[in-house]
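Printed here is work-v4.cif (mmCIF, C-alpha atoms):
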data_work
loop_
_atom_site.label_atom_id
_atom_site.label_comp_id
_atom_site.auth_asym_id
_atom_site.auth_seq_id
_atom_site.Cartn_x
_atom_site.Cartn_y
_atom_site.Cartn_z
CA MET X 1 -14.63 10.40 -125.64
CA THR X 2 -12.75 7.49 -124.17
CA ALA X 3 -12.54 6.68 -120.53
CA ILE X 4 -9.50 8.66 -119.88
CA PRO X 5 -11.65 7.60 -122.01
CA LEU X 6 -13.57 10.91 -120.08
CA THR X 7 -8.86 21.76 -74.94
CA LYS X 8 -11.66 19.25 -75.16
CA ARG X 9 -14.06 20.02 -77.84
CA PRO X 10 -17.62 20.56 -76.61
CA ARG X 11 -20.02 17.91 -77.84
CA ARG X 12 -23.75 17.44 -77.67
CA LEU X 13 -25.02 13.95 -78.41
CA ALA X 14 -28.75 13.66 -79.00
CA LEU X 15 -31.37 11.90 -81.02
CA ALA X 16 -32.55 14.50 -83.49
CA ALA X 17 -36.27 15.09 -83.37
CA THR X 18 -38.54 15.04 -86.37
CA VAL X 19 -39.67 18.43 -87.57
CA ALA X 20 -43.38 19.28 -87.35
CA THR X 21 -45.43 17.27 -89.82
CA SER X 22 -46.99 20.21 -91.60
CA ALA X 23 -45.47 20.51 -95.07
CA LEU X 24 -43.23 23.44 -95.83
CA LEU X 25 -42.56 25.68 -98.77
CA MET X 26 -39.04 26.90 -98.16
CA THR X 27 -37.47 30.15 -99.35
CA ALA X 28 -33.92 31.33 -99.80
CA CYS X 29 -31.66 32.05 -96.83
CA GLY X 30 -32.89 34.86 -94.63
CA SER X 31 -36.42 35.00 -96.00
CA SER X 32 -39.62 33.69 -94.50
CA SER X 33 -41.17 30.28 -95.06
CA GLU X 34 -44.73 29.37 -95.94
CA PRO X 35 -46.75 26.15 -96.00
CA ALA X 36 -45.58 24.02 -98.86
CA ALA X 37 -45.01 20.79 -100.69
CA GLU X 38 -47.49 18.00 -100.32
CA GLY X 39 -46.64 14.60 -98.92
CA SER X 40 -45.43 12.97 -95.74
CA ALA X 41 -41.88 11.98 -94.92
CA ALA X 42 -42.56 8.30 -95.52
CA PRO X 43 -42.15 7.25 -99.15
CA ASP X 44 -44.88 5.39 -100.96
CA THR X 45 -43.27 2.06 -101.74
CA SER X 46 -46.30 0.64 -103.50
CA THR X 47 -44.59 1.34 -106.81
CA SER X 48 -41.37 -0.42 -105.80
CA ALA X 49 -39.88 -2.69 -108.40
CA ALA X 50 -36.93 -5.07 -108.35
CA ALA X 51 -34.33 -5.02 -111.08
CA ALA X 52 -31.77 -7.69 -110.39
CA GLY X 53 -28.43 -6.40 -109.25
CA LYS X 54 -28.49 -2.97 -110.92
CA GLN X 55 -28.72 0.39 -109.21
CA THR X 56 -31.05 3.04 -110.62
CA PRO X 57 -29.63 6.56 -110.21
CA ARG X 58 -31.85 9.59 -109.95
CA VAL X 59 -31.12 13.25 -110.59
CA ALA X 60 -32.46 16.20 -108.59
CA LEU X 61 -32.51 19.65 -110.18
CA THR X 62 -33.65 22.96 -108.75
CA TYR X 63 -35.46 25.53 -110.86
CA ASP X 64 -37.22 28.78 -110.06
CA GLY X 65 -40.15 27.47 -108.05
CA GLY X 66 -39.34 23.85 -107.43
CA ILE X 67 -37.22 20.72 -107.47
CA LEU X 68 -37.38 18.17 -110.28
CA VAL X 69 -36.42 14.51 -109.87
CA LEU X 70 -35.60 12.43 -112.96
CA ASP X 71 -34.66 8.81 -113.53
CA GLY X 72 -30.92 8.94 -114.17
CA THR X 73 -31.10 6.32 -116.94
CA THR X 74 -34.34 6.97 -118.81
CA MET X 75 -34.58 10.68 -117.94
CA GLU X 76 -38.26 10.15 -117.15
CA LEU X 77 -39.66 12.84 -114.85
CA GLU X 78 -40.42 11.18 -111.50
CA GLY X 79 -41.31 14.19 -109.36
CA ASP X 80 -41.84 17.95 -109.32
CA MET X 81 -41.96 19.51 -105.85
CA PRO X 82 -42.63 23.21 -105.21
CA ILE X 83 -40.06 25.24 -103.30
CA GLU X 84 -39.35 28.97 -103.38
CA GLY X 85 -36.15 30.93 -103.65
CA PHE X 86 -32.58 29.87 -104.38
CA THR X 87 -31.80 26.54 -102.75
CA ARG X 88 -28.72 24.32 -102.82
CA LEU X 89 -28.64 20.55 -103.25
CA ASN X 90 -26.14 18.13 -101.71
CA PRO X 91 -26.15 14.31 -101.90
CA ALA X 92 -26.42 12.89 -98.38
CA GLY X 93 -24.04 10.06 -99.30
CA ASP X 94 -26.41 7.12 -98.76
CA GLY X 95 -27.40 6.70 -102.42
CA ARG X 96 -31.00 7.75 -101.81
CA HIS X 97 -31.29 11.14 -100.14
CA ALA X 98 -30.19 14.70 -100.83
CA LEU X 99 -30.06 17.63 -98.43
CA VAL X 100 -31.70 20.88 -99.45
CA THR X 101 -30.40 24.06 -97.82
CA VAL X 102 -33.34 26.12 -96.58
CA PRO X 103 -33.68 28.88 -93.94
CA GLU X 104 -34.33 26.38 -91.14
CA GLY X 105 -31.42 24.11 -91.98
CA PHE X 106 -30.90 21.03 -94.14
CA GLN X 107 -34.19 19.55 -95.36
CA VAL X 108 -34.20 15.89 -96.43
CA LEU X 109 -35.18 15.10 -100.01
CA ASP X 110 -35.99 11.43 -100.61
CA LEU X 111 -35.28 10.75 -104.29
CA GLY X 112 -37.11 7.42 -104.01
CA THR X 113 -34.42 5.06 -105.29
CA TRP X 114 -32.42 2.48 -103.36
CA THR X 115 -31.02 -1.04 -103.64
CA ASP X 116 -31.70 -3.89 -101.22
CA SER X 117 -31.39 -7.67 -101.29
CA SER X 118 -34.20 -7.84 -103.85
CA GLY X 119 -32.54 -5.44 -106.26
CA SER X 120 -33.22 -1.86 -107.30
CA GLN X 121 -36.29 -0.28 -105.71
CA GLN X 122 -38.15 2.87 -106.67
CA ALA X 123 -40.81 5.00 -105.03
CA GLU X 124 -42.29 8.44 -105.51
CA PRO X 125 -39.78 11.17 -104.59
CA LYS X 126 -40.70 13.25 -101.53
CA LEU X 127 -39.49 16.53 -100.09
CA THR X 128 -39.89 15.26 -96.56
CA ASP X 129 -40.64 17.12 -93.35
CA LEU X 130 -37.33 15.96 -91.86
CA MET X 131 -34.95 18.79 -91.04
CA PHE X 132 -31.42 18.91 -89.64
CA GLU X 133 -31.76 22.30 -87.99
CA ALA X 134 -28.97 24.79 -88.65
CA ASP X 135 -28.49 28.54 -88.46
CA THR X 136 -27.54 29.43 -92.06
CA ALA X 137 -26.96 25.97 -93.50
CA GLY X 138 -23.70 25.74 -95.41
CA HIS X 139 -21.37 23.00 -96.57
CA VAL X 140 -22.25 19.29 -96.58
CA VAL X 141 -19.35 16.82 -96.54
CA GLN X 142 -19.64 13.05 -96.78
CA HIS X 143 -16.57 11.03 -95.88
CA GLY X 144 -16.17 7.45 -94.73
CA ASP X 145 -19.37 6.48 -92.95
CA LYS X 146 -20.19 9.99 -91.74
CA THR X 147 -22.12 12.95 -93.16
CA ILE X 148 -21.01 16.31 -91.78
CA LEU X 149 -23.19 19.44 -91.83
CA TYR X 150 -21.86 22.93 -91.17
CA ALA X 151 -23.91 25.89 -89.92
CA ASP X 152 -22.37 29.22 -90.94
CA GLY X 153 -24.49 31.17 -88.46
CA THR X 154 -22.99 29.41 -85.42
CA SER X 155 -20.02 27.42 -86.80
CA ASP X 156 -21.58 24.34 -85.19
CA THR X 157 -20.90 21.03 -86.91
CA THR X 158 -23.57 18.30 -86.95
CA ILE X 159 -22.44 14.72 -87.62
CA TYR X 160 -24.42 11.56 -88.23
CA THR X 161 -23.69 8.06 -89.51
CA THR X 162 -24.62 8.28 -93.18
CA ASP X 163 -26.58 5.05 -93.56
CA ASP X 164 -28.63 5.72 -90.42
CA LEU X 165 -30.80 8.05 -92.49
CA LEU X 166 -32.04 4.95 -94.35
CA GLU X 167 -33.29 3.20 -91.23
CA ASP X 168 -36.52 5.08 -90.51
CA PRO X 169 -38.20 7.28 -93.14
CA GLU X 170 -40.16 9.17 -90.48
CA SER X 171 -37.37 10.32 -88.17
CA LEU X 172 -33.87 11.69 -88.24
CA PRO X 173 -30.89 9.61 -87.13
CA ALA X 174 -28.91 10.25 -83.96
CA THR X 175 -26.60 13.22 -84.38
CA GLU X 176 -23.54 14.63 -82.64
CA THR X 177 -23.01 18.38 -82.55
CA ILE X 178 -19.56 19.92 -82.12
CA GLU X 179 -20.02 23.51 -81.10
CA GLY X 180 -18.23 26.22 -83.04
CA GLU X 181 -16.35 29.14 -81.53
CA GLU X 182 -16.97 32.09 -83.87
CA ALA X 183 -19.50 32.11 -86.67
CA HIS X 184 -18.13 32.17 -90.22
CA HIS X 185 -18.61 30.57 -93.61
CA GLY X 186 -16.72 27.36 -93.00
CA VAL X 187 -16.53 23.61 -93.37
CA SER X 188 -15.65 20.55 -91.28
CA ILE X 189 -14.68 16.94 -91.93
CA VAL X 190 -14.34 13.83 -89.78
CA LEU X 191 -11.74 11.21 -90.72
CA GLU X 192 -12.26 7.49 -90.21
CA ASP X 193 -10.29 7.45 -86.91
CA GLY X 194 -12.46 10.25 -85.49
CA THR X 195 -10.02 13.09 -86.24
CA PHE X 196 -12.00 16.32 -86.64
CA LEU X 197 -10.83 19.13 -88.93
CA THR X 198 -12.63 22.47 -89.05
CA THR X 199 -11.99 25.96 -90.37
CA VAL X 200 -11.16 28.91 -88.14
CA GLY X 201 -12.51 32.42 -88.64
CA ASN X 202 -15.13 34.97 -87.69
CA SER X 203 -17.64 37.24 -89.40
CA GLU X 204 -14.83 39.48 -90.67
CA SER X 205 -12.24 37.00 -91.94
CA ARG X 206 -11.11 33.36 -92.11
CA SER X 207 -7.56 32.36 -91.32
CA GLY X 208 -6.95 28.61 -91.20
CA ILE X 209 -7.87 25.28 -89.65
CA LYS X 210 -7.59 23.36 -86.42
CA VAL X 211 -7.44 19.61 -85.93
CA LEU X 212 -8.75 17.68 -82.91
CA ASP X 213 -8.32 13.99 -82.20
CA ALA X 214 -11.21 11.66 -81.35
CA ASP X 215 -10.99 12.69 -77.70
CA GLY X 216 -11.19 16.39 -78.50
CA ASN X 217 -7.51 17.20 -77.97
CA GLU X 218 -5.95 19.70 -80.35
CA VAL X 219 -3.25 18.01 -82.42
CA ALA X 220 -2.51 20.64 -85.05
CA THR X 221 -3.49 24.15 -86.08
CA SER X 222 -2.56 26.70 -88.74
CA ASP X 223 -3.45 30.36 -89.26
CA GLN X 224 -1.63 30.55 -92.58
CA CYS X 225 -4.65 30.18 -94.83
CA PRO X 226 -6.35 33.53 -95.52
CA SER X 227 -9.93 33.20 -96.79
CA VAL X 228 -9.88 29.45 -96.18
CA HIS X 229 -12.66 27.84 -98.20
CA GLY X 230 -13.66 24.36 -99.22
CA GLU X 231 -12.00 21.04 -98.57
CA GLY X 232 -11.24 17.79 -100.34
CA THR X 233 -9.92 14.40 -99.27
CA ALA X 234 -7.43 12.57 -101.45
CA LYS X 235 -5.90 9.10 -101.28
CA ASN X 236 -4.86 7.95 -97.79
CA GLU X 237 -7.17 10.54 -96.17
CA VAL X 238 -4.96 13.50 -96.94
CA VAL X 239 -7.12 16.63 -96.70
CA VAL X 240 -6.64 19.89 -98.60
CA PHE X 241 -8.18 23.28 -97.79
CA GLY X 242 -8.04 26.19 -100.23
CA CYS X 243 -6.54 29.60 -99.37
CA SER X 244 -6.27 32.91 -101.20
CA ASP X 245 -2.50 32.34 -101.47
CA GLY X 246 -2.28 28.57 -101.89
CA ALA X 247 -3.51 25.66 -99.82
CA LEU X 248 -3.17 23.78 -96.55
CA VAL X 249 -2.56 20.03 -96.60
CA TYR X 250 -3.27 17.88 -93.54
CA ASP X 251 -1.47 14.55 -93.59
CA ASN X 252 -1.23 12.18 -90.62
CA GLY X 253 -1.07 14.78 -87.87
CA GLU X 254 0.84 17.49 -89.72
CA ILE X 255 -0.29 20.59 -91.60
CA THR X 256 1.76 21.82 -94.56
CA LYS X 257 1.25 25.18 -96.23
CA ILE X 258 1.72 25.15 -100.00
CA ASP X 259 2.31 28.62 -101.38
CA ALA X 260 0.70 29.60 -104.66
CA PRO X 261 3.08 30.59 -107.46
CA ASP X 262 1.30 33.95 -107.65
CA LYS X 263 1.09 36.61 -104.94
CA PHE X 264 -2.67 36.19 -105.12
CA GLY X 265 -3.49 32.60 -105.99
CA ARG X 266 -6.90 31.58 -104.70
CA MET X 267 -8.20 28.03 -104.58
CA GLY X 268 -11.75 27.82 -103.27
CA ASN X 269 -13.05 24.40 -104.29
CA ALA X 270 -11.41 20.98 -104.43
CA TYR X 271 -12.31 18.20 -106.87
CA VAL X 272 -11.06 14.90 -105.55
CA SER X 273 -10.89 11.17 -105.93
CA GLU X 274 -10.13 9.08 -102.87
CA THR X 275 -8.02 6.78 -105.06
CA SER X 276 -5.80 9.59 -106.38
CA PRO X 277 -3.16 11.59 -104.47
CA ILE X 278 -3.74 14.58 -106.77
CA ILE X 279 -6.41 17.15 -106.00
CA ALA X 280 -7.71 19.50 -108.69
CA GLY X 281 -8.77 22.96 -107.56
CA ASP X 282 -10.30 26.01 -109.18
CA TYR X 283 -7.72 28.79 -109.38
CA LYS X 284 -7.82 32.56 -109.65
CA SER X 285 -4.62 34.61 -109.93
CA ASP X 286 -6.15 38.03 -110.62
CA PRO X 287 -8.02 39.49 -107.63
CA ASP X 288 -9.61 42.08 -109.94
CA LEU X 289 -10.90 39.55 -112.46
CA GLU X 290 -14.53 40.31 -113.23
CA GLY X 291 -17.14 37.60 -113.53
CA TYR X 292 -17.03 33.98 -112.45
CA LEU X 293 -15.35 32.28 -115.41
CA LEU X 294 -11.88 30.92 -114.63
CA HIS X 295 -9.19 29.93 -117.14
CA GLN X 296 -6.65 28.29 -114.82
CA LEU X 297 -6.75 25.10 -112.77
CA THR X 298 -4.46 24.01 -109.96
CA LEU X 299 -3.22 20.48 -109.39
CA ILE X 300 -1.97 19.68 -105.88
CA ASP X 301 0.13 16.56 -105.31
CA THR X 302 -0.60 15.55 -101.71
CA GLU X 303 2.37 13.16 -101.62
CA THR X 304 5.04 15.67 -102.67
CA LYS X 305 3.15 18.65 -101.21
CA THR X 306 3.53 20.61 -104.41
CA MET X 307 1.18 22.73 -106.53
CA LYS X 308 1.22 23.52 -110.21
CA VAL X 309 -1.09 25.84 -112.10
CA ILE X 310 -2.44 24.86 -115.51
CA ASP X 311 -3.31 27.51 -118.09
CA LEU X 312 -6.26 26.12 -120.01
CA PRO X 313 -6.61 26.59 -123.79
CA GLU X 314 -8.48 29.59 -125.13
CA GLY X 315 -12.22 29.11 -124.74
CA VAL X 316 -11.83 26.52 -121.99
CA GLU X 317 -13.23 28.49 -119.06
CA TYR X 318 -15.38 27.21 -116.22
CA THR X 319 -17.05 28.02 -112.90
CA PHE X 320 -17.06 26.11 -109.62
CA ARG X 321 -19.97 23.98 -110.94
CA ASP X 322 -18.10 22.71 -113.98
CA VAL X 323 -15.32 20.43 -112.70
CA ALA X 324 -15.57 16.80 -111.56
CA ARG X 325 -13.48 13.64 -111.34
CA GLY X 326 -14.15 10.75 -113.68
CA PRO X 327 -14.13 6.98 -113.10
CA ASN X 328 -10.41 6.76 -113.89
CA ASP X 329 -9.47 9.75 -111.70
CA GLU X 330 -9.35 12.04 -114.75
CA VAL X 331 -10.35 15.68 -114.28
CA LEU X 332 -13.45 16.56 -116.30
CA ILE X 333 -14.16 20.18 -117.22
CA LEU X 334 -17.42 21.39 -118.72
CA ALA X 335 -16.09 24.48 -120.46
CA SER X 336 -17.62 27.66 -121.83
CA ASP X 337 -16.95 26.36 -125.35
CA GLY X 338 -19.65 23.77 -124.69
CA ALA X 339 -17.30 20.78 -124.64
CA LEU X 340 -16.54 18.26 -121.93
CA HIS X 341 -12.76 18.12 -121.66
CA SER X 342 -10.78 15.31 -120.03
CA LEU X 343 -7.54 16.37 -118.33
CA ASP X 344 -4.81 14.02 -117.12
CA PRO X 345 -4.06 15.00 -113.48
CA GLU X 346 -0.49 13.67 -113.76
CA THR X 347 0.51 15.82 -116.75
CA GLY X 348 -2.10 18.58 -116.79
CA GLU X 349 -2.73 17.86 -120.48
CA ILE X 350 -6.19 17.76 -122.04
CA THR X 351 -6.44 14.30 -123.57
CA ASP X 352 -9.91 14.36 -125.08
CA SER X 353 -12.81 16.72 -125.75
CA LEU X 354 -16.46 16.06 -126.55
CA PRO X 355 -18.93 18.74 -127.68
CA VAL X 356 -22.04 18.46 -125.49
CA ILE X 357 -23.83 21.84 -125.33
CA ASP X 358 -23.72 25.21 -127.04
CA ALA X 359 -21.06 27.73 -126.01
CA TRP X 360 -22.13 29.77 -123.00
CA GLU X 361 -21.22 32.86 -121.01
CA GLY X 362 -20.54 33.10 -117.30
CA PRO X 363 -23.26 34.09 -114.82
CA VAL X 364 -23.74 37.62 -113.54
CA GLU X 365 -24.12 36.24 -110.00
CA TRP X 366 -22.83 32.84 -108.92
CA GLN X 367 -26.37 31.77 -107.96
CA ASP X 368 -27.67 32.38 -111.48
CA PRO X 369 -28.44 29.31 -113.63
CA HIS X 370 -25.44 28.27 -115.69
CA PRO X 371 -24.18 24.88 -116.92
CA ALA X 372 -23.22 22.35 -114.27
CA LEU X 373 -21.51 18.96 -114.25
CA LYS X 374 -21.98 15.93 -111.99
CA VAL X 375 -20.45 12.48 -112.47
CA VAL X 376 -21.82 9.25 -111.02
CA GLY X 377 -20.23 5.98 -112.04
CA GLY X 378 -19.51 6.13 -115.75
CA THR X 379 -22.09 8.82 -116.55
CA ALA X 380 -21.60 12.57 -116.69
CA TYR X 381 -24.75 14.65 -116.20
CA VAL X 382 -24.63 18.08 -117.83
CA THR X 383 -27.20 20.85 -117.44
CA GLU X 384 -27.88 23.37 -120.19
CA PRO X 385 -30.02 26.20 -118.79
CA ALA X 386 -30.22 28.04 -122.13
CA THR X 387 -32.23 25.18 -123.65
CA LYS X 388 -33.73 23.86 -120.38
CA LYS X 389 -32.06 20.50 -120.98
CA LEU X 390 -30.27 17.79 -119.05
CA HIS X 391 -27.77 15.66 -120.98
CA ALA X 392 -26.27 12.30 -120.03
CA VAL X 393 -22.85 11.32 -121.39
CA ASP X 394 -21.43 7.79 -121.32
CA LEU X 395 -17.80 8.42 -120.42
CA ALA X 396 -16.64 5.02 -121.70
CA THR X 397 -17.96 5.57 -125.23
CA GLY X 398 -18.07 9.34 -125.41
CA LYS X 399 -21.68 9.19 -126.56
CA ILE X 400 -24.47 11.49 -125.42
CA THR X 401 -27.02 8.87 -124.40
CA SER X 402 -29.89 11.22 -123.58
CA SER X 403 -30.91 14.86 -123.83
CA GLU X 404 -34.13 15.70 -122.01
CA GLU X 405 -36.00 18.98 -122.10
CA LEU X 406 -37.12 20.06 -118.64
CA PRO X 407 -40.23 21.94 -117.46
CA GLY X 408 -38.03 24.59 -115.83
CA THR X 409 -34.57 26.14 -116.19
CA PRO X 410 -32.14 23.90 -114.26
CA ASN X 411 -29.85 25.45 -111.68
CA GLU X 412 -28.48 23.30 -108.82
CA ILE X 413 -28.01 19.56 -109.43
CA ALA X 414 -27.44 16.49 -107.25
CA VAL X 415 -27.27 12.85 -108.30
CA VAL X 416 -27.72 9.74 -106.14
CA GLU X 417 -26.66 6.22 -107.11
CA GLY X 418 -29.80 4.37 -105.99
#
Can you dump the structure from the file as structure tokens?
Amino acid sequence: MTAIPLTKRPRRLALAATVATSALLMTACGSSSEPAAEGSAAPDTSTSAAAAGKQTPRVALTYDGGILVLDGTTMELEGDMPIEGFTRLNPAGDGRHALVTVPEGFQVLDLGTWTDSSGSQQAEPKLTDLMFEADTAGHVVQHGDKTILYADGTSDTTIYTTDDLLEDPESLPATETIEGEEAHHGVSIVLEDGTFLTTVGNSESRSGIKVLDADGNEVATSDQCPSVHGEGTAKNEVVVFGCSDGALVYDNGEITKIDAPDKFGRMGNAYVSETSPIIAGDYKSDPDLEGYLLHQLTLIDTETKTMKVIDLPEGVEYTFRDVARGPNDEVLILASDGALHSLDPETGEITDSLPVIDAWEGPVEWQDPHPALKVVGGTAYVTEPATKKLHAVDLATGKITSSEELPGTPNEIAVVEG
């Protein structure tokens, strides 16, 4: 595989307090928590090592009963931390931490890898006691120098400067909270000039977005996006939100509605590169389609404000976990035929395919373990729950550089650069 080759908004500004130092064993949303994983928030740096000028990525994987952390190059197991229930993983954006969604909010996972003036440093991974509190923790977005956390139970948005989480391993950084209006499953993003975009909805439905400037003044709004879900930022900070009949595009103060070519044409997740004007989105044109495997993909040109739908070849089906952007802005699809396909976002053509895992079937529930794809730098990380394996693919050469059997069935995955 070659690297085609594969009103004023209410704000609360406060210094977030550290959560109680007793360790926690977290459960899935809505269930109770019990005392849990060992270890303090501060990493043990006694094992730190310098490797001149090269970052060392690490991979976090959830399984039934815990979180695994592996060296992203050697695949050596670095940590195994107990946790109960279904949990989600999101990179925090600072190259070192991930955020674990638990009943109390977003819990900080220190993957124990970072780079400083001495080179690449490693320490023992820790599921820390640090918690960004949230009622029903939802989407995590990292853009520019900010990390944005959304609480579905209140629609509050918590914002912090991404690299501030690196400053003190025993406390949370200063945060700003923008209060929501009506609780719903939503998402927010902050642009580099302070512009704030957030979804609009309630417990019954979701309808669109509103945009506030850095002073909290409303500059744009749209209610033309039924079931609004997900967001992605393309080149020049153009933001796309998915709808059940197309998409909304926010560009320099204006919102444009792009209608889907089908009466029902749902995009729910965006796969973006901030150097490409084209956003790839999952696409579903049949509201009665059973299961979670999709066979169409949408490509949205944020410059021309147009959308086209690509019918993928037979056997090339995927879920929301199976699409990513590559180092050359290509769209990578880990398909149900077991291959990693590279798609040109300009033409919509599949330009290369590499068999990686066995063919697989879609999950019964979206939370169930099924293959997932994450790309960091020139490496694609692919999970294979059926064999309890994690594979690493060099996108420049098309070679599978490692296949590691895991002590548990992998489900969620997050990768940090180190």
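Atom to atom, CA of Ile209 (chain X) and CA of Ser222 (chain X) stand 5.6 Å apart.
Between CA of Asn252 (chain X) and CA of Ser273 (chain X) the interatomic distance comes to 18.1 Å.
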Neighbour residues at most 7 Å from (-28.0, 12.3, -108.6) (all atoms listed in the file) as an MDAnalysis selection string: chainID X and resid 57:60 414:417
Nearby residues (all atoms listed in the file) at most 12 Å from Leu70 (chain X), same-chain spacing under 6 positions excluded, as a PyMOL selection string: chain X and resi 56-62+76-81+111-113+122+124-125+381+389-392+404-407+413-416
Residues near Leu340 (chain X), cut-off 10 Å, only C-alpha atoms, skip fewer than 5 positions along chain, as JSON, numbers by chain: {"X": [1, 6, 316, 322, 323, 332, 333, 334, 335, 352, 353, 354, 355, 356, 357, 373, 380, 382, 393, 398]}
Atom pair CA of Gly194 (chain X) / CA of Glu179 (chain X): separation (Å): 15.9 Å
Distance criterion (all atoms listed in the file): nearest to Asp193 (chain X) out of X:Glu181, X:Asp164, X:Glu170, X:Asp215: X:Asp215
Given the PyMOL selection byres ((chain X and resi 265) around 6), the residues it picks as a ChimeraX atom specification: /X:244-246,260,262,264,266,284-285
Explicit residue set for the PyMOL selection byres ((chain X and resi 109) around 9), as a count of residues only: 17
Padding 4 Å on each side, edges along x, y and z: where is the centre of the box around the listed atoms of region 345-357 of chain X, and how long are its edges in Å to one decimal? Output it as lines of an AutoDock Vina configuration file.
center_x = -11.7
center_y = 17.8
center_z = -120.6
size_x = 32.3
size_y = 16.2
size_z = 22.2
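Comparing X:Gly418, X:Pro173, X:Gly338, X:Ile148 by their smallest distance to Asp116 (chain X), the closest is X:Gly418 (using all atoms listed in the file).
Using all atoms listed in the file, the residues found no farther than 8 Å from Ser276 (chain X), other than those of its own chain fewer than 6 positions away, are X:Ala234, X:Lys235, X:Asp329.
Among the candidates X:Pro82, X:Glu412, X:His295, X:Thr195, the one nearest to Gly253 (chain X) when counting all atoms listed in the file is X:Thr195.
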Residues selected by the PyMOL selection byres ((chain X and resi 301) around 10), written as a list in words: Ala234, Val249, Ser276, Pro277, Ile278, Ile279, Ala280, Thr298, Leu299, Ile300, Thr302, Glu303, Thr304, Lys305, Thr306, Met307, Lys308, Pro345 and Glu346 of chain X
Those same residues - C-alpha atoms - I'd like them written as a compact mmCIF listing (two decimals), keeping the file's coordinate frame.
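New file result-v3.txt:
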# COMPACT_ATOMS: atom_id res chain seq x y z
CA ALA X 234 -7.43 12.57 -101.45
CA VAL X 249 -2.56 20.03 -96.60
CA SER X 276 -5.80 9.59 -106.38
CA PRO X 277 -3.16 11.59 -104.47
CA ILE X 278 -3.74 14.58 -106.77
CA ILE X 279 -6.41 17.15 -106.00
CA ALA X 280 -7.71 19.50 -108.69
CA THR X 298 -4.46 24.01 -109.96
CA LEU X 299 -3.22 20.48 -109.39
CA ILE X 300 -1.97 19.68 -105.88
CA THR X 302 -0.60 15.55 -101.71
CA GLU X 303 2.37 13.16 -101.62
CA THR X 304 5.04 15.67 -102.67
CA LYS X 305 3.15 18.65 -101.21
CA THR X 306 3.53 20.61 -104.41
CA MET X 307 1.18 22.73 -106.53
CA LYS X 308 1.22 23.52 -110.21
CA PRO X 345 -4.06 15.00 -113.48
CA GLU X 346 -0.49 13.67 -113.76
Surrounding residues of Ala137 (chain X) excluding itself and chain neighbours under 4 positions, 12 Å, all atoms listed in the file, as a ChimeraX atom specification: /X:28-30,87-90,99-107,131-133,148-158,183-187
Would you pull region 244-260 of chain X out of the block just shown and save C-alpha atoms as a PDB file, in the first residue's frame?
ATOM      1  CA  SER X 244     -30.282  13.428   8.758  1.00  0.00           C
ATOM      2  CA  ASP X 245     -30.868  15.176   5.414  1.00  0.00           C
ATOM      3  CA  GLY X 246     -27.420  16.542   4.602  1.00  0.00           C
ATOM      4  CA  ALA X 247     -25.041  18.829   6.443  1.00  0.00           C
ATOM      5  CA  LEU X 248     -24.448  22.339   7.748  1.00  0.00           C
ATOM      6  CA  VAL X 249     -21.251  24.169   6.815  1.00  0.00           C
ATOM      7  CA  TYR X 250     -20.021  27.134   8.846  1.00  0.00           C
ATOM      8  CA  ASP X 251     -17.570  29.340   6.966  1.00  0.00           C
ATOM      9  CA  ASN X 252     -16.410  32.766   8.137  1.00  0.00           C
ATOM     10  CA  GLY X 253     -19.638  33.889   9.779  1.00  0.00           C
ATOM     11  CA  GLU X 254     -22.111  32.179   7.466  1.00  0.00           C
ATOM     12  CA  ILE X 255     -23.981  28.872   7.715  1.00  0.00           C
ATOM     13  CA  THR X 256     -24.830  26.987   4.521  1.00  0.00           C
ATOM     14  CA  LYS X 257     -27.190  24.025   4.397  1.00  0.00           C
ATOM     15  CA  ILE X 258     -26.166  21.304   1.950  1.00  0.00           C
ATOM     16  CA  ASP X 259     -29.058  19.022   1.073  1.00  0.00           C
ATOM     17  CA  ALA X 260     -28.437  15.314   0.728  1.00  0.00           C
TER      18      ALA X 260
END
